[in-house]
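**Q** What follows is a single structure, and I will ask about it in a moment.
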Amino acid sequence: MTQKLIVIGAGMATGRMLEKLVEADADYDITLINGEPRGNYNRIMLSPVLSGDKTYAEIVTHDDAWYSEHNITTRFGTFIAGIDRAAQTVTTDSGDVLPYDRLVFGTGSNPFMIPLPGHDLEGVIAYRDLEDTERMMGLGSDHKCVVIGGGLLGLEAAAGMAARGVDVTVVHIMGHLMERQLDEAAGYLLRKALVDKGITVKCSANSKEILGENGKVRALLLDDGTELPCDLLVMAVGIRPNVKLAQDAGLAVGKGIHVDDQMVTSDENVLAVGECVEHDGAIFGLVAPLYDQASVAAQTLMKTDATFVQKELSTKLKVTGCDLFSAGDFADGDGREDIVFRDPARGVYRRLVIEGNVVIGAVMYGDTADSNWFFGLIKDKTDISEMRETLIFGPAYQGGAPLDPLAAVAALPLDAEICGCNGICKGEIVEAINAGATDLGAIKATTKASASCGTCTGLVEQVLASTLGDDFVIPAAASVCGCTDMTHEDVRRMIKSLKLTSMPAVWQECGWKTSCGCHVCRPALNFYLLADWPLEYQDDPQSRFINERKHANIQKDGTYSVVPRMWGGVTTPGELRAIADAADKYMVPTVKVTGGQRIDLLGVKGEDLPNIWADLNAAGMVSGYAYSKGLRTVKTCVGTDHCRFGTQDSTGLGIKLEKTLHGAWTPHKLKLGVSGCPRNCAEATCKDIGIVCVDSGYQISIGGAAGMDVKETELLVQVETEEDAIAVIKAITQLYRENAKYLDRIYKWMAKVGLEWIKERVEDERDALVERFELSQTIYRHDPWAEHATNKAQSYQPLATLSLEAAE
């Protein structure tokens with residue numbers, strides 16, 4: 001028989017519990033009651049709504065259609081007048097009496113209002129719900145606001161209003177901001193960033209009285225006599241569990257509603273989740289444990305064994321565009337040591353607290369990319385004695401040489417937590433990717449990773465990139481990335497028309513939201529500037545993806561794949577001996593022939609890369625660019641030299657093409673094939689550019705693919721001579737890189753501009769395109785392996801200084 005379930009409160013915890021019940025098709029007749037005139041929404045995202053980055057509609061987690069689809073009765077804008085536990089009924093403020101079999105409290109918390117004189121004046125508000133947010137959004141640039149509280153909530157309120165042009169002052173009683181999450185040094189950096197954004201910050205300031213006029217707030221009076229004029233005063237000084245309804249119903253209550261490990265209260269028919277809960281003496285304000293409680297409560301309601309376990313928590317936040325992270329215990333104490341890293345120019349600060357060769361606390365400001373790794377060390381109580389010298393630099397520097405942040409992500413264990421809000425580990429994301437979730441939206445939908453506060457979005461994208469490799473593409477969105485509202489096409493048009501020849505010029509002219517770009521847009525900008533202004537712009541290696549920066553392909557375990565160039569798939573006994581010697585010397589676990597007729601050395605350690613490059617260079621071999629957004633291979637058959645069906649020297653042409661295009665950078669990887677006859681042994685008709693030799697010359701086709709999409713090439717042109725074939729391929733390559741969107745393969749670009757447009761441009765502008773291609777090759781073509789092999793010591797020096805500070 002279907003039981004009646006009443007849920008009081010449409011917060012984030014009850015919303016997640018309802019999702020779990022719906023997913024399991026639980027046999028309940030559900031009624032959701034909420035005092036707010038709306039259902040579940042993501043309260044964490046109220047700050048972006050305040051700043052104007054999002055709308056309320058974008059943060060709604062369950063709309064009316066969702067409740068209707070799942071037969072959930074909703075009573076929004078409804079309050080509870082009383083609960084009769086003996087009769088198992090709930091009475092609403094309108095007098096309706098609703099029976100229940102199981103009841104769930106999700107009454108959340110109430111904002112704490114300091115009982116200062118004048119706290120009841122009009123214009124004194126908390127920052128708790130959509131109504132508070134809308135009140136703050138109503139202020140204009142001619143208004144003043146005072147925020148009491150220098151914690152996360154207060155700073156988000158201040159930043160949001162400052163973004164709207166409001167004159168904001170933050171008043172904080174403690175000596176530095178966010179003292180629960182940050183130490184004094186990090187708090188200082190945060191304060192400096194706020195001041196730079198035009199926000200006045202007063203620490204060690206004690207509020208004395210709220211002054212009013214005609215019943216409305218006009219100023220905050222500090223105990224030193226300072227008056228801070230304001231049209232609105234926001235109190236953001238903490239929350240208290242909302243327990244009154246439970247207390248009136250006779251449930252066991254302390255700081256919060258008492259619950260056991262199954263989220264059951266002192267009444268076996270009543271459960272509680274969220275900020276209203278007290279479990280083993282602890283109350284909760286972060287979303288991650290609330291979601292854990294929701295999952296356990298759903299299991300309990302479905303009579304499945306589940307246990308809520310309090311976990312060690314980290315705090316990873318983004319305040320006013322500044323990344324913050326803290327975990328563990330970072331207070332000073334006997335027997336503890338600090339390792340501190342400061343890079344003032346970049347606004348980066350890290351502090352690790354070590355006790356007995358174990359990291360017990362961490363604070364990070366400005367760059368939190370390695371926070372999950374440090375948090376893992378804290379949770380696992382890892383012995384760090386062997387990595388102490390490089391510990392502060394993070395996982396990328398363990399093993400003797402700095403790798404790349406993406407390498408560190410690839411090396412993370414599968415149980416490493418990626419999304420703290422939803423408790424999603426790397427393994428769950430990888431599993432979802434392997435099941436077909438190949439973009440951020442799909443990952444959000446299937447795992448909920450990055451679907452809450454969004455601070456882990458970059459890390460989720462890195463997991464996508466390290467798992468998918470070359471198949472990872474920037475989402476086809478309206479804008480290049482979150483740094484700008486402009487599309488790829490808009491940005492490139494500006495670069496060309498205004499002759500923007502540097503990244504800062506692009507950021508300034510295009511109104512970038514951040515002053516230095518992100519890991520998504522920087523590679524695109526670097527490519528566009530390089531392609532459009534090769535004489536004026538200097539390539540920025542740090543704005544390329546990890547494989548291009550490391551000149552080797554990163555593997556899922558953090559090691560690398562090294563592929564020497566084999567021109568047209570042709571090699572010699574000497575080259576084979578050199579490859580075998582390198583495989584033995586560096587203990588390469590796997591040596592494999594690739595689909596592009598080359599040999600791949602798989603499993604090379606990052607610190608061995610410069611040496612293995614040097615050894616292969618000494619044998620006359622160069623980088624195969626198997627990692628690049630550029631020419632990969634030119635696959636050939638043996639042609640007229642050996643095959644009785646061959647019509648032209650396909651091997652010779654393939655070698656010439658590969659040597660011509662070697663080192664060429666393009667919007668995405670570029671693969672060619674040259675088949676000596678229409679039998680097509682080199683599979684030329686599924687390459688980006690394919691050449692099929694016939695008796696009368698060379699048929700050149702473009703737009704093939706054999707990866708996630710399978711495409712057959714389309715005929716571009718037929719030419720009579722090898723010289724013409726090479727010229728056409730130079731021209732089409734240059735046209736592609738001057739016009740295609742970054743990370744679009746030729747077939748995607750061709751679908752946008754049309755084959756006929758490409759044909760006309762190649763025919764009309766061939767000589768000019770060839771000239772520009774050859775100019776770029778002259779400037780930029782080089783052998784990166786040789787460069788790094790001869791200067792490997794300098795290549796791996798840390799860029800910032802290290803400070804070791806031992807606590808007395």
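Numbering starts fresh at 1 for the residues of each chain in the structure tokens, the chains themselves are lettered A, B, ... in the order given, and ligands are numbered from 1 as they appear.
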Considering only C-alpha atoms, tabulate each residue of segment 3-38 of chain A that lies at most 7 Å from segment 104-113 of chain A along with its nearest interatomic pair and the corresponding distance in Å to one decimal; arrange the rows by chain and ascending residue number and present them as CSV.
**A**
```
residue,atom,partner,partner_atom,distance
A:Ile6,CA,A:Val104,CA,6.4
A:Val7,CA,A:Val104,CA,4.8
A:Ile8,CA,A:Phe105,CA,5.2
A:Gly9,CA,A:Gly106,CA,4.8
A:Gly11,CA,A:Gly106,CA,6.8
A:Thr14,CA,A:Gly106,CA,6.1
```
**Q** Write out, as a CSV table (one decimal), in the first residue's frame, the residues just selected, with all heavy atoms.
**A**
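The resulting file, again-v5.csv, is reproduced below:
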```
chain,number,residue,atom,x,y,z
A,6,ILE,N,5.3,13.4,3.9
A,6,ILE,CA,5.2,14.8,3.9
A,6,ILE,C,6.7,15.3,4.1
A,6,ILE,O,7.3,14.9,5.1
A,6,ILE,CB,4.3,15.4,4.9
A,6,ILE,CG1,2.8,15.0,4.6
A,6,ILE,CG2,4.4,16.9,5.1
A,6,ILE,CD1,1.8,15.5,5.6
A,7,VAL,N,7.1,16.2,3.3
A,7,VAL,CA,8.4,16.8,3.4
A,7,VAL,C,8.3,18.3,3.7
A,7,VAL,O,7.6,19.0,2.9
A,7,VAL,CB,9.3,16.6,2.1
A,7,VAL,CG1,10.6,17.3,2.3
A,7,VAL,CG2,9.4,15.2,1.8
A,8,ILE,N,8.8,18.8,4.8
A,8,ILE,CA,8.7,20.2,5.2
A,8,ILE,C,10.0,20.9,4.8
A,8,ILE,O,11.1,20.6,5.4
A,8,ILE,CB,8.4,20.3,6.7
A,8,ILE,CG1,7.2,19.6,7.1
A,8,ILE,CG2,8.3,21.8,7.1
A,8,ILE,CD1,6.9,19.5,8.6
A,9,GLY,N,10.0,21.8,3.8
A,9,GLY,CA,11.1,22.5,3.4
A,9,GLY,C,11.7,22.1,2.1
A,9,GLY,O,12.0,20.9,1.9
A,11,GLY,N,14.6,22.8,0.5
A,11,GLY,CA,16.0,23.2,0.4
A,11,GLY,C,16.8,22.2,-0.5
A,11,GLY,O,16.2,21.4,-1.1
A,14,THR,N,16.6,18.4,1.0
A,14,THR,CA,15.3,17.7,0.6
A,14,THR,C,15.2,17.5,-0.9
A,14,THR,O,14.6,16.5,-1.3
A,14,THR,CB,14.1,18.4,1.2
A,14,THR,OG1,14.1,19.8,0.7
A,14,THR,CG2,14.2,18.5,2.7
```
**Q** With a distance cut-off of 12 Å and only C-alpha atoms, select the neighbouring residues of Leu211 of chain A, excluding the residue or stretch itself and same-chain residues fewer than 2 positions from it, and output the selection as a ChimeraX atom specification.
**A** /A:116-124,207-209,213-222,226-233
**Q** Give me a file of those residues, with N, CA and C atoms, as a JSON list (two decimals), in the first residue's frame.
**A**
```json
[["chain", "number", "residue", "atom", "x", "y", "z"],
["A", 116, "LEU", "N", 21.61, 44.42, 17.85],
["A", 116, "LEU", "CA", 22.07, 45.80, 18.04],
["A", 116, "LEU", "C", 20.87, 46.74, 18.14],
["A", 117, "PRO", "N", 20.99, 47.81, 18.86],
["A", 117, "PRO", "CA", 19.94, 48.83, 18.80],
["A", 117, "PRO", "C", 19.71, 49.26, 17.35],
["A", 118, "GLY", "N", 18.48, 49.21, 16.89],
["A", 118, "GLY", "CA", 18.15, 49.59, 15.52],
["A", 118, "GLY", "C", 18.10, 48.42, 14.55],
["A", 119, "HIS", "N", 18.26, 47.19, 15.05],
["A", 119, "HIS", "CA", 18.29, 46.04, 14.13],
["A", 119, "HIS", "C", 16.94, 45.79, 13.46],
["A", 120, "ASP", "N", 15.87, 46.41, 14.02],
["A", 120, "ASP", "CA", 14.55, 46.21, 13.45],
["A", 120, "ASP", "C", 14.14, 47.34, 12.50],
["A", 121, "LEU", "N", 15.07, 48.22, 12.16],
["A", 121, "LEU", "CA", 14.77, 49.29, 11.22],
["A", 121, "LEU", "C", 14.54, 48.74, 9.82],
["A", 122, "GLU", "N", 13.73, 49.47, 9.04],
["A", 122, "GLU", "CA", 13.55, 49.08, 7.65],
["A", 122, "GLU", "C", 14.89, 49.25, 6.91],
["A", 123, "GLY", "N", 15.23, 48.27, 6.10],
["A", 123, "GLY", "CA", 16.50, 48.34, 5.39],
["A", 123, "GLY", "C", 17.60, 47.54, 6.04],
["A", 124, "VAL", "N", 17.29, 46.88, 7.15],
["A", 124, "VAL", "CA", 18.25, 45.96, 7.78],
["A", 124, "VAL", "C", 17.79, 44.55, 7.44],
["A", 207, "SER", "N", 30.68, 46.74, 15.81],
["A", 207, "SER", "CA", 29.46, 47.50, 15.57],
["A", 207, "SER", "C", 28.79, 47.83, 16.91],
["A", 208, "LYS", "N", 28.34, 49.06, 17.02],
["A", 208, "LYS", "CA", 27.73, 49.51, 18.27],
["A", 208, "LYS", "C", 26.23, 49.73, 18.14],
["A", 209, "GLU", "N", 25.80, 50.37, 17.06],
["A", 209, "GLU", "CA", 24.38, 50.73, 16.92],
["A", 209, "GLU", "C", 24.06, 50.97, 15.44],
["A", 213, "GLU", "N", 16.48, 56.90, 10.50],
["A", 213, "GLU", "CA", 15.80, 58.17, 10.29],
["A", 213, "GLU", "C", 14.46, 57.89, 9.66],
["A", 214, "ASN", "N", 13.39, 58.33, 10.33],
["A", 214, "ASN", "CA", 12.02, 58.08, 9.84],
["A", 214, "ASN", "C", 11.77, 56.58, 9.68],
["A", 215, "GLY", "N", 12.30, 55.80, 10.63],
["A", 215, "GLY", "CA", 12.06, 54.37, 10.62],
["A", 215, "GLY", "C", 12.92, 53.57, 9.65],
["A", 216, "LYS", "N", 13.84, 54.24, 8.91],
["A", 216, "LYS", "CA", 14.69, 53.56, 7.95],
["A", 216, "LYS", "C", 16.15, 53.69, 8.36],
["A", 217, "VAL", "N", 16.94, 52.69, 7.99],
["A", 217, "VAL", "CA", 18.36, 52.71, 8.31],
["A", 217, "VAL", "C", 19.05, 53.85, 7.57],
["A", 218, "ARG", "N", 20.00, 54.52, 8.27],
["A", 218, "ARG", "CA", 20.77, 55.56, 7.59],
["A", 218, "ARG", "C", 22.27, 55.40, 7.77],
["A", 219, "ALA", "N", 22.71, 54.62, 8.83],
["A", 219, "ALA", "CA", 24.15, 54.47, 9.07],
["A", 219, "ALA", "C", 24.39, 53.39, 10.11],
["A", 220, "LEU", "N", 25.62, 52.87, 10.10],
["A", 220, "LEU", "CA", 26.10, 51.96, 11.15],
["A", 220, "LEU", "C", 27.11, 52.73, 11.98],
["A", 221, "LEU", "N", 26.92, 52.70, 13.28],
["A", 221, "LEU", "CA", 27.84, 53.36, 14.20],
["A", 221, "LEU", "C", 28.78, 52.33, 14.81],
["A", 222, "LEU", "N", 30.09, 52.55, 14.68],
["A", 222, "LEU", "CA", 31.09, 51.68, 15.28],
["A", 222, "LEU", "C", 31.41, 52.17, 16.68],
["A", 226, "THR", "N", 32.95, 55.99, 14.61],
["A", 226, "THR", "CA", 32.83, 56.13, 13.16],
["A", 226, "THR", "C", 31.41, 55.83, 12.71],
["A", 227, "GLU", "N", 30.87, 56.69, 11.84],
["A", 227, "GLU", "CA", 29.58, 56.43, 11.23],
["A", 227, "GLU", "C", 29.78, 56.03, 9.77],
["A", 228, "LEU", "N", 29.13, 54.94, 9.38],
["A", 228, "LEU", "CA", 29.20, 54.45, 8.01],
["A", 228, "LEU", "C", 27.82, 54.60, 7.39],
["A", 229, "PRO", "N", 27.58, 55.66, 6.59],
["A", 229, "PRO", "CA", 26.25, 55.88, 6.00],
["A", 229, "PRO", "C", 25.86, 54.71, 5.09],
["A", 230, "CYS", "N", 24.58, 54.37, 5.07],
["A", 230, "CYS", "CA", 24.12, 53.28, 4.20],
["A", 230, "CYS", "C", 22.62, 53.39, 3.94],
["A", 231, "ASP", "N", 22.22, 52.94, 2.76],
["A", 231, "ASP", "CA", 20.81, 52.83, 2.41],
["A", 231, "ASP", "C", 20.28, 51.44, 2.70],
["A", 232, "LEU", "N", 21.21, 50.48, 2.85],
["A", 232, "LEU", "CA", 20.85, 49.10, 3.16],
["A", 232, "LEU", "C", 21.95, 48.52, 4.03],
["A", 233, "LEU", "N", 21.56, 47.78, 5.07],
["A", 233, "LEU", "CA", 22.54, 47.12, 5.92],
["A", 233, "LEU", "C", 22.26, 45.62, 5.89]]
```
**Q** For Asp532 of chain A, please output as a PyMOL selection string all residues within 10 Å (counting only C-alpha atoms; exclusion window: fewer than 5 positions along the same chain).
**A** chain A and resi 492+495-496+499-501+527+537+737-739+772+776
**Q** Report as a tab-separated table the residues of segment 144-203 of chain A within 9 Å of segment 340-358 of chain A, each with its shortest atom pair and distance in Å (one decimal), using only C-alpha atoms, ordered by chain and increasing residue number.
**A**
```
residue	atom	partner	partner_atom	distance
A:Asp183	CA	A:Arg351	CA	8.8
A:Ala185	CA	A:Tyr349	CA	8.1
A:Ala186	CA	A:Tyr349	CA	6.7
A:Leu189	CA	A:Gly347	CA	7.3
A:Ala193	CA	A:Gly347	CA	8.9
```
**Q** With N, CA, C and O atoms kept, could you save the residues just selected as a CSV table (one decimal), in the first residue's frame?
**A**
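Result file again14.csv:
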```
chain,number,residue,atom,x,y,z
A,183,ASP,N,44.2,31.5,7.1
A,183,ASP,CA,45.1,32.1,8.1
A,183,ASP,C,45.3,33.6,7.8
A,183,ASP,O,44.7,34.1,6.8
A,185,ALA,N,47.8,35.4,6.6
A,185,ALA,CA,48.4,35.8,5.4
A,185,ALA,C,47.4,35.7,4.2
A,185,ALA,O,47.3,36.6,3.3
A,186,ALA,N,46.7,34.6,4.1
A,186,ALA,CA,45.7,34.4,3.0
A,186,ALA,C,44.6,35.5,3.2
A,186,ALA,O,44.1,36.0,2.2
A,189,LEU,N,45.6,38.7,1.7
A,189,LEU,CA,45.6,38.7,0.2
A,189,LEU,C,44.1,38.9,-0.3
A,189,LEU,O,43.9,39.6,-1.3
A,193,ALA,N,42.6,42.0,-2.5
A,193,ALA,CA,41.8,41.8,-3.8
A,193,ALA,C,40.5,42.5,-3.7
A,193,ALA,O,40.0,43.1,-4.7
```
**Q** Applying 8 Å and only C-alpha atoms, which residues near Glu417 of chain A remain after dropping the ones on its own chain fewer than 5 positions away? List them as an MDAnalysis selection string.
**A** chainID A and resid 372 423:426
**Q** Limited to all heavy atoms, could you put the picked residues into a file as a CSV table (one decimal), in the first residue's frame?
**A**
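That gives us result-v3.csv:
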```csv
chain,number,residue,atom,x,y,z
A,372,ASN,N,42.7,19.1,-4.3
A,372,ASN,CA,42.2,17.8,-4.1
A,372,ASN,C,43.3,16.8,-3.7
A,372,ASN,O,43.2,15.9,-2.9
A,372,ASN,CB,41.5,17.3,-5.3
A,372,ASN,CG,40.2,18.0,-5.6
A,372,ASN,OD1,40.2,19.2,-5.9
A,372,ASN,ND2,39.1,17.3,-5.4
A,423,GLY,N,30.2,14.9,-3.6
A,423,GLY,CA,31.0,13.7,-3.2
A,423,GLY,C,31.3,12.8,-4.4
A,423,GLY,O,31.3,11.6,-4.3
A,424,ILE,N,31.6,13.4,-5.5
A,424,ILE,CA,31.9,12.7,-6.8
A,424,ILE,C,33.4,12.5,-6.9
A,424,ILE,O,34.2,13.5,-6.9
A,424,ILE,CB,31.3,13.3,-8.0
A,424,ILE,CG1,29.8,13.6,-7.8
A,424,ILE,CG2,31.6,12.5,-9.3
A,424,ILE,CD1,29.0,12.4,-7.5
A,425,CYS,N,33.9,11.3,-7.1
A,425,CYS,CA,35.3,11.0,-7.2
A,425,CYS,C,35.7,10.9,-8.7
A,425,CYS,O,34.8,10.8,-9.6
A,425,CYS,CB,35.7,9.7,-6.5
A,425,CYS,SG,35.0,8.2,-7.1
A,426,LYS,N,37.0,10.9,-9.0
A,426,LYS,CA,37.4,10.8,-10.3
A,426,LYS,C,36.9,9.5,-11.0
A,426,LYS,O,36.5,9.6,-12.2
A,426,LYS,CB,39.0,10.8,-10.3
A,426,LYS,CG,39.6,10.6,-11.7
A,426,LYS,CD,41.1,10.6,-11.6
A,426,LYS,CE,41.7,10.2,-13.0
A,426,LYS,NZ,43.2,10.1,-12.9
```
**Q** Can you work out the spacing between atom CA of Pro589 of chain A and atom CA of Thr438 of chain A in Å, to one decimal?
**A** 28.8 Å
**Q** Residues near Ala159 of chain A, anyone? I mean within 10 Å using only C-alpha atoms, not counting same-chain ones fewer than 3 positions away, as a short mmCIF file (atom, residue, chain, number, x, y, z; two decimals) with C-alpha atoms, in the first residue's frame.
**A**
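Writing done, so here's around-v6.cif:
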```cif
data_model
loop_
_atom_site.label_atom_id
_atom_site.label_comp_id
_atom_site.auth_asym_id
_atom_site.auth_seq_id
_atom_site.Cartn_x
_atom_site.Cartn_y
_atom_site.Cartn_z
CA SER A 47 25.62 35.10 -5.35
CA PRO A 48 25.93 34.84 -9.16
CA LEU A 50 23.14 38.95 -7.20
CA SER A 51 26.16 39.87 -9.32
CA LEU A 153 28.32 34.95 2.83
CA GLY A 154 29.13 38.54 3.68
CA LEU A 155 31.89 38.79 1.11
CA GLU A 156 29.72 37.27 -1.59
CA ALA A 162 29.95 46.04 -5.89
CA ALA A 163 29.65 44.39 -9.31
CA ARG A 164 26.42 46.37 -9.73
CA GLY A 165 28.15 49.62 -8.86
CA VAL A 166 26.97 49.93 -5.24
CA VAL A 168 30.00 48.76 -0.32
CA VAL A 170 32.44 45.36 4.86
CA LEU A 194 38.53 43.19 -2.39
CA LYS A 197 37.70 45.93 -6.60
CA GLY A 198 36.55 49.10 -4.86
CA ILE A 199 35.17 47.50 -1.68
CA VAL A 319 34.96 34.75 -3.56
CA THR A 320 35.02 37.81 -5.84
CA GLY A 321 36.85 35.79 -8.47
#
```
**Q** Please compute the atom CA of Glu763 of chain A-atom CA of Tyr747 of chain A distance, one decimal, in Å.
**A**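 So the two atoms, atom CA of Glu763 of chain A and atom CA of Tyr747 of chain A, lie 19.2 Å apart.
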**Q** So that I can see what lies close to segment 685-699 of chain A, please list as JSON, numbers by chain the residues with an atom at most 10 Å from it, counting only C-alpha atoms and leaving out residues fewer than 4 positions away in the same chain.
**A** {"A": [634, 635, 636, 639, 646, 647, 648, 649, 650, 653, 654, 669, 670, 671, 672, 673, 674, 675, 676, 677, 678, 679, 680, 681, 703, 704, 705, 706, 707, 710, 711, 712, 713, 714, 715, 716, 717, 718, 719, 720, 721, 722, 724, 725, 729, 732, 733, 745, 746, 747]}
